[in-house]
>>> print(open('run_37.tsv').read())   # TSV, C-alpha atoms
chain	number	residue	atom	x	y	z
A	403	MET	CA	0.00	0.00	0.00
A	404	THR	CA	1.55	3.31	-1.05
A	405	VAL	CA	-1.10	5.60	0.42
A	406	PRO	CA	0.30	8.69	2.21
A	407	SER	CA	0.14	8.43	6.00
A	408	ALA	CA	-1.92	11.62	6.08
A	409	HIS	CA	-4.90	9.69	4.74
A	410	LEU	CA	-4.64	7.26	7.66
A	411	PHE	CA	-4.66	10.25	10.04
A	412	ILE	CA	-7.73	11.67	8.31
A	413	LEU	CA	-9.57	8.35	8.59
A	414	ALA	CA	-8.70	8.20	12.30
A	415	ALA	CA	-9.99	11.76	12.82
A	416	ILE	CA	-13.28	10.92	11.08
A	417	LEU	CA	-13.78	7.73	13.11
A	418	PHE	CA	-12.94	9.54	16.36
A	419	SER	CA	-15.45	12.33	15.75
A	420	ILE	CA	-18.17	9.83	14.82
A	421	GLY	CA	-17.47	8.02	18.09
A	422	ALA	CA	-17.53	11.28	20.06
A	423	ALA	CA	-20.83	12.32	18.47
A	424	GLY	CA	-22.37	8.95	19.33
A	425	PHE	CA	-21.03	9.17	22.87
A	426	PHE	CA	-22.89	12.44	23.44
A	427	LEU	CA	-26.02	11.68	21.40
A	428	ARG	CA	-27.01	8.18	22.51
A	429	ARG	CA	-28.71	7.36	25.82
A	430	ASN	CA	-28.28	3.58	25.77
A	431	VAL	CA	-25.32	2.74	28.04
A	432	ILE	CA	-24.18	-0.18	25.90
A	433	VAL	CA	-24.12	1.91	22.73
A	434	VAL	CA	-22.18	4.60	24.62
A	435	LEU	CA	-19.58	1.96	25.56
A	436	MET	CA	-19.41	0.89	21.92
A	437	CYS	CA	-18.74	4.50	20.90
A	438	ILE	CA	-15.84	4.56	23.39
A	439	GLU	CA	-14.43	1.44	21.72
A	440	LEU	CA	-14.73	3.21	18.39
A	441	MET	CA	-12.74	6.19	19.70
A	442	LEU	CA	-10.05	3.91	21.14
A	443	ASN	CA	-9.76	2.23	17.74
A	444	ALA	CA	-9.29	5.61	16.09
A	445	ALA	CA	-6.50	6.32	18.60
A	446	ASN	CA	-4.90	2.99	17.67
A	447	LEU	CA	-5.03	3.87	14.01
A	448	THR	CA	-3.32	7.18	14.80
A	449	PHE	CA	-0.50	5.36	16.63
A	450	LEU	CA	0.04	3.02	13.70
A	451	ALA	CA	-0.09	5.83	11.12
A	452	ALA	CA	2.47	7.80	13.12
A	453	SER	CA	4.69	4.75	13.36
A	454	ARG	CA	4.48	4.30	9.61
A	455	MET	CA	5.25	7.97	9.04
A	456	HIS	CA	8.34	7.87	11.27
A	457	SER	CA	9.53	4.67	9.60
A	458	LEU	CA	9.49	6.47	6.27
A	459	ASP	CA	11.38	9.35	7.90
A	460	VAL	CA	14.39	7.22	8.88
A	461	PRO	CA	16.85	6.94	5.96
A	462	GLY	CA	17.53	3.25	6.50
A	463	GLY	CA	13.81	2.48	6.52
A	464	ARG	CA	13.86	0.77	9.93
A	465	LEU	CA	10.39	0.22	11.32
A	466	ASP	CA	9.48	2.39	14.29
A	467	LEU	CA	8.13	0.10	17.01
A	468	GLN	CA	6.72	2.49	19.63
A	469	GLY	CA	3.43	2.92	17.77
A	470	PRO	CA	2.54	-0.79	17.56
A	471	ILE	CA	3.54	-1.36	21.20
A	472	PHE	CA	1.35	1.47	22.43
A	473	ALA	CA	-1.44	0.15	20.22
A	474	ILE	CA	-1.16	-3.19	22.04
A	475	PHE	CA	-1.47	-1.38	25.38
A	476	VAL	CA	-4.50	0.51	24.09
A	477	ILE	CA	-6.13	-2.78	23.09
A	478	VAL	CA	-5.56	-4.14	26.62
A	479	VAL	CA	-7.02	-1.01	28.19
A	480	ALA	CA	-10.03	-1.24	25.83
A	481	ALA	CA	-10.65	-4.83	26.93
A	482	VAL	CA	-10.42	-3.82	30.59
A	483	GLU	CA	-12.75	-0.89	30.05
A	484	ALA	CA	-15.31	-3.06	28.26
A	485	ALA	CA	-15.24	-5.68	31.02
A	486	VAL	CA	-15.70	-3.16	33.86
A	487	GLY	CA	-18.25	-1.13	31.91
A	488	LEU	CA	-20.40	-4.15	31.10
A	489	ALA	CA	-20.21	-5.36	34.71
A	490	LEU	CA	-21.50	-1.92	35.73
A	491	VAL	CA	-24.29	-2.23	33.17
A	492	ILE	CA	-25.32	-5.57	34.64
A	493	ALA	CA	-25.28	-4.16	38.18
A	494	LEU	CA	-27.31	-1.14	37.00
A	495	TYR	CA	-29.87	-3.33	35.25
A	496	ARG	CA	-30.24	-5.49	38.35
A	497	ARG	CA	-31.05	-2.48	40.53
A	498	LYS	CA	-33.08	-0.29	38.20
A	499	GLN	CA	-34.22	-2.54	35.33
A	500	THR	CA	-32.97	-0.01	32.83
A	501	VAL	CA	-29.95	0.72	30.65
A	502	SER	CA	-30.95	4.27	29.76
A	503	LEU	CA	-28.73	7.09	30.95
A	504	ASP	CA	-31.83	9.26	31.38
A	505	ASP	CA	-32.86	7.11	34.34
A	506	VAL	CA	-29.53	7.39	36.19
A	507	VAL	CA	-29.49	10.95	37.46
A	508	GLU	CA	-28.65	10.58	41.17
A	509	LEU	CA	-25.52	12.71	40.91
A	510	LYS	CA	-27.17	15.28	38.65
A	511	ASP	CA	-30.21	16.11	40.80
B	1419	MET	CA	-4.76	-2.39	-6.15
B	1420	ALA	CA	-3.76	-2.21	-2.49
B	1421	ASN	CA	-4.47	1.52	-2.51
B	1422	ALA	CA	-7.96	0.99	-3.91
B	1423	LEU	CA	-8.59	-1.64	-1.24
B	1424	PHE	CA	-7.47	0.83	1.44
B	1425	TYR	CA	-9.91	3.50	0.27
B	1426	LEU	CA	-12.72	0.93	0.00
B	1427	MET	CA	-12.06	-0.32	3.55
B	1428	ALA	CA	-11.79	3.23	4.88
B	1429	ALA	CA	-15.16	4.14	3.37
B	1430	LEU	CA	-16.80	0.95	4.67
B	1431	SER	CA	-15.42	1.44	8.18
B	1432	VAL	CA	-16.78	5.00	8.27
B	1433	VAL	CA	-20.20	3.80	7.07
B	1434	ALA	CA	-20.22	1.06	9.71
B	1435	ALA	CA	-19.21	3.57	12.40
B	1436	VAL	CA	-22.14	5.80	11.41
B	1437	GLY	CA	-24.33	2.70	11.70
B	1438	VAL	CA	-23.14	2.20	15.28
B	1439	VAL	CA	-24.40	5.66	16.16
B	1440	LEU	CA	-27.67	5.67	14.20
B	1441	LEU	CA	-29.11	2.13	14.34
B	1442	ARG	CA	-31.76	1.30	16.94
B	1443	ASN	CA	-31.37	-2.40	17.67
B	1444	PRO	CA	-28.34	-2.98	19.99
B	1445	ILE	CA	-27.45	-6.20	18.17
B	1446	ALA	CA	-27.33	-4.28	14.90
B	1447	ASN	CA	-25.02	-1.78	16.63
B	1448	VAL	CA	-22.67	-4.55	17.72
B	1449	LEU	CA	-22.56	-6.16	14.28
B	1450	SER	CA	-21.93	-2.77	12.68
B	1451	LEU	CA	-19.04	-2.12	15.07
B	1452	LEU	CA	-17.70	-5.60	14.37
B	1453	PHE	CA	-17.73	-4.88	10.65
B	1454	SER	CA	-15.90	-1.62	11.26
B	1455	PHE	CA	-13.22	-3.50	13.25
B	1456	PHE	CA	-12.74	-6.01	10.44
B	1457	CYS	CA	-12.27	-3.16	7.96
B	1458	LEU	CA	-9.68	-1.59	10.29
B	1459	ALA	CA	-7.88	-4.93	10.63
B	1460	THR	CA	-7.63	-5.06	6.84
B	1461	ILE	CA	-6.15	-1.56	6.86
B	1462	TYR	CA	-3.58	-2.63	9.48
B	1463	LEU	CA	-2.63	-5.55	7.25
B	1464	LEU	CA	-2.27	-3.28	4.23
B	1465	ALA	CA	-0.09	-0.88	6.22
B	1466	GLY	CA	2.23	-3.72	7.22
B	1467	PHE	CA	1.15	-4.25	10.85
B	1468	GLN	CA	0.28	-7.93	10.63
B	1469	PHE	CA	0.54	-8.63	14.35
B	1470	LEU	CA	-1.79	-5.75	15.19
B	1471	ALA	CA	-4.29	-6.99	12.62
B	1472	ALA	CA	-4.30	-10.41	14.26
B	1473	ALA	CA	-4.65	-8.87	17.73
B	1474	GLN	CA	-7.47	-6.66	16.48
B	1475	ILE	CA	-9.44	-9.66	15.24
B	1476	LEU	CA	-8.63	-11.92	18.20
B	1477	VAL	CA	-9.15	-9.42	21.01
B	1478	TYR	CA	-11.66	-6.93	19.62
B	1479	ALA	CA	-13.76	-9.06	17.30
B	1480	GLY	CA	-13.26	-12.31	19.18
B	1481	ALA	CA	-13.46	-11.26	22.81
B	1482	ILE	CA	-14.80	-7.74	23.37
B	1483	MET	CA	-17.62	-7.91	20.83
B	1484	VAL	CA	-18.68	-11.33	22.12
B	1485	LEU	CA	-18.80	-9.79	25.60
B	1486	PHE	CA	-21.08	-7.02	24.31
B	1487	LEU	CA	-23.34	-9.51	22.50
B	1488	PHE	CA	-23.41	-11.70	25.61
B	1489	VAL	CA	-24.59	-8.84	27.84
B	1490	ILE	CA	-27.17	-7.65	25.30
B	1491	MET	CA	-28.64	-11.13	25.00
B	1492	LEU	CA	-28.40	-11.77	28.76
B	1493	LEU	CA	-30.42	-8.64	29.52
B	1494	ASN	CA	-32.65	-9.30	26.47
B	1495	LEU	CA	-32.24	-5.67	25.45
B	1496	ALA	CA	-33.40	-6.16	21.89
B	1497	SER	CA	-36.91	-6.92	23.12
B	1498	LEU	CA	-37.18	-3.88	25.41
B	1499	PRO	CA	-39.27	-0.96	24.19
B	1500	ALA	CA	-37.20	1.71	22.45
B	1501	LEU	CA	-35.15	3.72	24.93
B	1502	GLU	CA	-34.82	6.74	22.72
B	1503	ASP	CA	-35.35	8.10	19.27
B	1504	THR	CA	-32.72	6.81	16.92
B	1505	GLY	CA	-31.70	7.40	13.35
B	1506	LEU	CA	-31.82	10.98	12.19
B	1507	ALA	CA	-34.29	11.82	14.98
B	1508	LEU	CA	-31.24	11.87	17.28
B	1509	PHE	CA	-30.40	15.26	15.85
B	1510	ALA	CA	-33.80	16.73	16.65
B	1511	ARG	CA	-33.19	16.75	20.41
B	1512	GLY	CA	-32.29	19.80	22.47
B	1513	ARG	CA	-28.58	19.42	23.08
B	1514	SER	CA	-27.70	17.73	19.82
B	1515	GLY	CA	-26.54	21.02	18.28
B	1516	VAL	CA	-23.78	21.30	20.89
B	1517	THR	CA	-22.80	17.70	20.20
B	1518	VAL	CA	-22.52	18.26	16.49
B	1519	VAL	CA	-20.39	21.35	17.10
B	1520	VAL	CA	-18.08	19.44	19.47
B	1521	ALA	CA	-17.69	16.54	17.04
B	1522	ALA	CA	-17.07	18.89	14.12
B	1523	ALA	CA	-14.48	20.77	16.20
B	1524	LEU	CA	-12.70	17.47	16.97
B	1525	LEU	CA	-12.72	16.59	13.29
B	1526	CYS	CA	-11.31	20.01	12.35
B	1527	LEU	CA	-8.62	19.57	15.02
B	1528	GLY	CA	-7.60	16.22	13.52
B	1529	LEU	CA	-7.55	17.61	9.99
B	1530	ALA	CA	-5.57	20.66	11.12
B	1531	ALA	CA	-3.01	18.35	12.72
B	1532	VAL	CA	-2.65	16.56	9.40
B	1533	VAL	CA	-2.31	19.80	7.45
B	1534	GLY	CA	0.31	21.12	9.87
B	1535	SER	CA	2.25	17.87	10.08
B	1536	PRO	CA	5.70	17.40	8.51
B	1537	ALA	CA	6.05	16.61	4.84
B	1538	THR	CA	6.58	12.93	5.68
B	1539	ALA	CA	2.84	12.59	6.26
B	1540	ALA	CA	2.20	13.26	2.59
B	1541	GLN	CA	5.04	11.00	1.49
B	1542	THR	CA	4.00	7.72	-0.07
B	1543	LEU	CA	5.86	4.45	0.02
B	1544	ALA	CA	6.46	4.92	-3.71
B	1545	ASP	CA	8.67	7.93	-2.88
B	1546	MET	CA	11.02	5.77	-0.84
B	1547	PRO	CA	14.30	4.46	-2.22
B	1548	PRO	CA	13.84	0.78	-3.08
B	1549	ASP	CA	16.19	-0.52	-0.38
B	1550	GLY	CA	14.19	1.36	2.26
B	1551	ILE	CA	10.98	-0.29	1.16
B	1552	ASP	CA	12.66	-3.68	1.27
B	1553	ALA	CA	13.90	-3.01	4.80
B	1554	ILE	CA	10.37	-2.18	5.95
B	1555	LYS	CA	8.77	-5.03	4.09
B	1556	GLY	CA	11.43	-7.45	5.37
B	1557	THR	CA	10.27	-7.05	8.98
B	1558	PRO	CA	8.64	-10.41	9.71
B	1559	GLY	CA	5.23	-9.28	10.80
B	1560	LEU	CA	6.73	-6.99	13.43
B	1561	THR	CA	6.46	-9.73	16.01
B	1562	GLU	CA	10.14	-10.35	16.66
B	1563	GLY	CA	11.03	-6.69	17.05
B	1564	MET	CA	7.96	-6.00	19.17
B	1565	ALA	CA	8.75	-8.87	21.52
B	1566	GLY	CA	12.25	-7.52	22.04
B	1567	GLU	CA	10.97	-4.06	22.87
B	1568	MET	CA	8.04	-5.31	24.97
B	1569	PHE	CA	10.25	-7.37	27.29
B	1570	GLY	CA	13.11	-4.91	27.25
B	1571	ARG	CA	12.41	-1.22	27.17
B	1572	TYR	CA	8.70	-1.55	27.96
B	1573	LEU	CA	8.94	-4.19	30.69
B	1574	LEU	CA	7.60	-1.89	33.41
B	1575	PRO	CA	4.44	-0.89	31.49
B	1576	PHE	CA	3.99	-4.56	30.64
B	1577	GLU	CA	4.02	-5.49	34.33
B	1578	ALA	CA	1.71	-2.57	35.13
B	1579	VAL	CA	-0.75	-3.89	32.54
B	1580	SER	CA	-0.66	-7.32	34.16
B	1581	MET	CA	-1.58	-5.71	37.50
B	1582	LEU	CA	-4.37	-3.82	35.72
B	1583	LEU	CA	-5.77	-7.07	34.34
B	1584	LEU	CA	-5.67	-8.70	37.78
B	1585	ALA	CA	-7.43	-5.72	39.37
B	1586	THR	CA	-10.04	-5.82	36.60
B	1587	ALA	CA	-10.76	-9.50	37.17
B	1588	VAL	CA	-11.38	-8.83	40.86
B	1589	ALA	CA	-13.42	-5.67	40.18
B	1590	VAL	CA	-15.69	-7.38	37.67
B	1591	VAL	CA	-16.46	-10.22	40.07
B	1592	VAL	CA	-17.27	-7.75	42.85
B	1593	LEU	CA	-19.46	-5.60	40.59
B	1594	ALA	CA	-21.40	-8.36	38.89
B	1595	LYS	CA	-22.19	-10.66	41.80
B	1596	ARG	CA	-25.46	-10.41	43.67
B	1597	ASN	CA	-25.69	-8.43	46.90
B	1598	ARG	CA	-25.21	-10.42	50.06
B	1599	PRO	CA	-28.22	-10.56	52.42
B	1600	GLY	CA	-26.66	-8.08	54.88
B	1601	LEU	CA	-26.43	-5.40	52.21
B	1602	GLU	CA	-30.05	-5.47	51.17
B	1603	VAL	CA	-31.14	-3.10	53.94
B	1604	ARG	CA	-28.97	-0.34	52.56
B	1605	ALA	CA	-29.96	-1.08	49.00
B	1606	GLY	CA	-33.65	-1.00	49.93
B	1607	ARG	CA	-33.53	2.60	51.10
B	1608	ASP	CA	-33.16	3.93	47.56
B	1609	ALA	CA	-36.38	4.64	45.72
B	1610	GLY	CA	-37.35	2.08	43.15
B	1611	SER	CA	-34.73	-0.45	44.10
B	1612	ASP	CA	-37.00	-3.02	45.71
B	1613	VAL	CA	-35.49	-5.68	43.49
B	1614	SER	CA	-34.41	-8.68	45.48
>>> encode(input="run_37.tsv", output="structure tokens")
Amino acid sequence: MTVPSAHLFILAAILFSIGAAGFFLRRNVIVVLMCIELMLNAANLTFLAASRMHSLDVPGGRLDLQGPIFAIFVIVVAAVEAAVGLALVIALYRRKQTVSLDDVVELKD
Amino acid sequence: MANALFYLMAALSVVAAVGVVLLRNPIANVLSLLFSFFCLATIYLLAGFQFLAAAQILVYAGAIMVLFLFVIMLLNLASLPALEDTGLALFARGRSGVTVVVAAALLCLGLAAVVGSPATAAQTLADMPPDGIDAIKGTPGLTEGMAGEMFGRYLLPFEAVSMLLLATAVAVVVLAKRNRPGLEVRAGRDAGSDVS
């Protein structure tokens, strides 16, 4: 693939803003968690695009490894976040029989 | 050929991401997100990050999405009455204007970063001298180099992540298990929580 790295950055920016819009617009907790996963994926894509860009920068063409390693850490954090978030959803559903954010306003009122 | 595949996958992943936000049925949301992840895995493969593509499919598509589907089916969410307006009606609500502005601002920020980035961002692999391309392509799926870095320079973050995983396992068990009998008095004080 000989696409410029800038196009990867642009794709990541588009995916991140779609995820952010969904995060604010939706009221279903599970869909909100999915939007967070989408944003984390966009961050991953940014790491990899930056790694690719820096690899092209080095004269010898050695692959820059910091991007992929941080992407692995982001994947782990995403898995952890999904597990804790879904456990919270289950606890919430058990107490209130709902998964709508409009019904969880104890800290707001 | 590979370039055309990249643009196709990029377009499909954006469409699938929009589907995650706009579709009503939670299972449709999950499948849309899954499709988006597969498209991204293809892009990782095309960009030369084979190990990340495999991890993306194994961890995201294989584990995290199954977890989401499992919870949705466990709570039988698809059969609940609609929680909210979905589709384009999402944009008819009060605060949606602010949301659109915030998302558009984030998008502009990302695009501005690309415009202001060094000239390397616009450089294509075709611009590289041939030996450079061979050096990059000769990396065997990144795995060997990544293992060396992961257990060398990044050993401390690696250990921190293992502690994070352990803490998560404990936290999830504590959060998801039923209340013990002694705790029900406190839980019962809250309005509307008379669920045993």
>>> residues_near_point(input="run_37.tsv", point="(-15.8, 10.3, 16.8)", cutoff="8 Å", atoms="all atoms listed in the file", output="ChimeraX atom specification")
/A:415-424,437,440-441 /B:1521,1524-1525
>>> interface_residues(input="run_37.tsv", of="chain A", to="chain B", cutoff="6 Å", atoms="only C-alpha atoms", output="ChimeraX atom specification")
/A:403-408,415,419,423-424,455,462-463,465,486,489,493,497
>>> atom_distance(input="run_37.tsv", atom1="CA of Glu439 in chain A", atom2="CA of Ala480 in chain A")
6.6 Å
>>> atom_distance(input="run_37.tsv", atom1="CA of Val1484 in chain B", atom2="CA of Ala1471 in chain B")
17.8 Å
>>> closest_residue(input="run_37.tsv", among="A:Val501, A:Ala481, A:Val507, A:Ile412", to="Arg429 in chain A", atoms="all atoms listed in the file")
A:Val501
>>> atom_distance(input="run_37.tsv", atom1="CA of Cys1457 in chain B", atom2="CA of Leu1430 in chain B")
6.9 Å
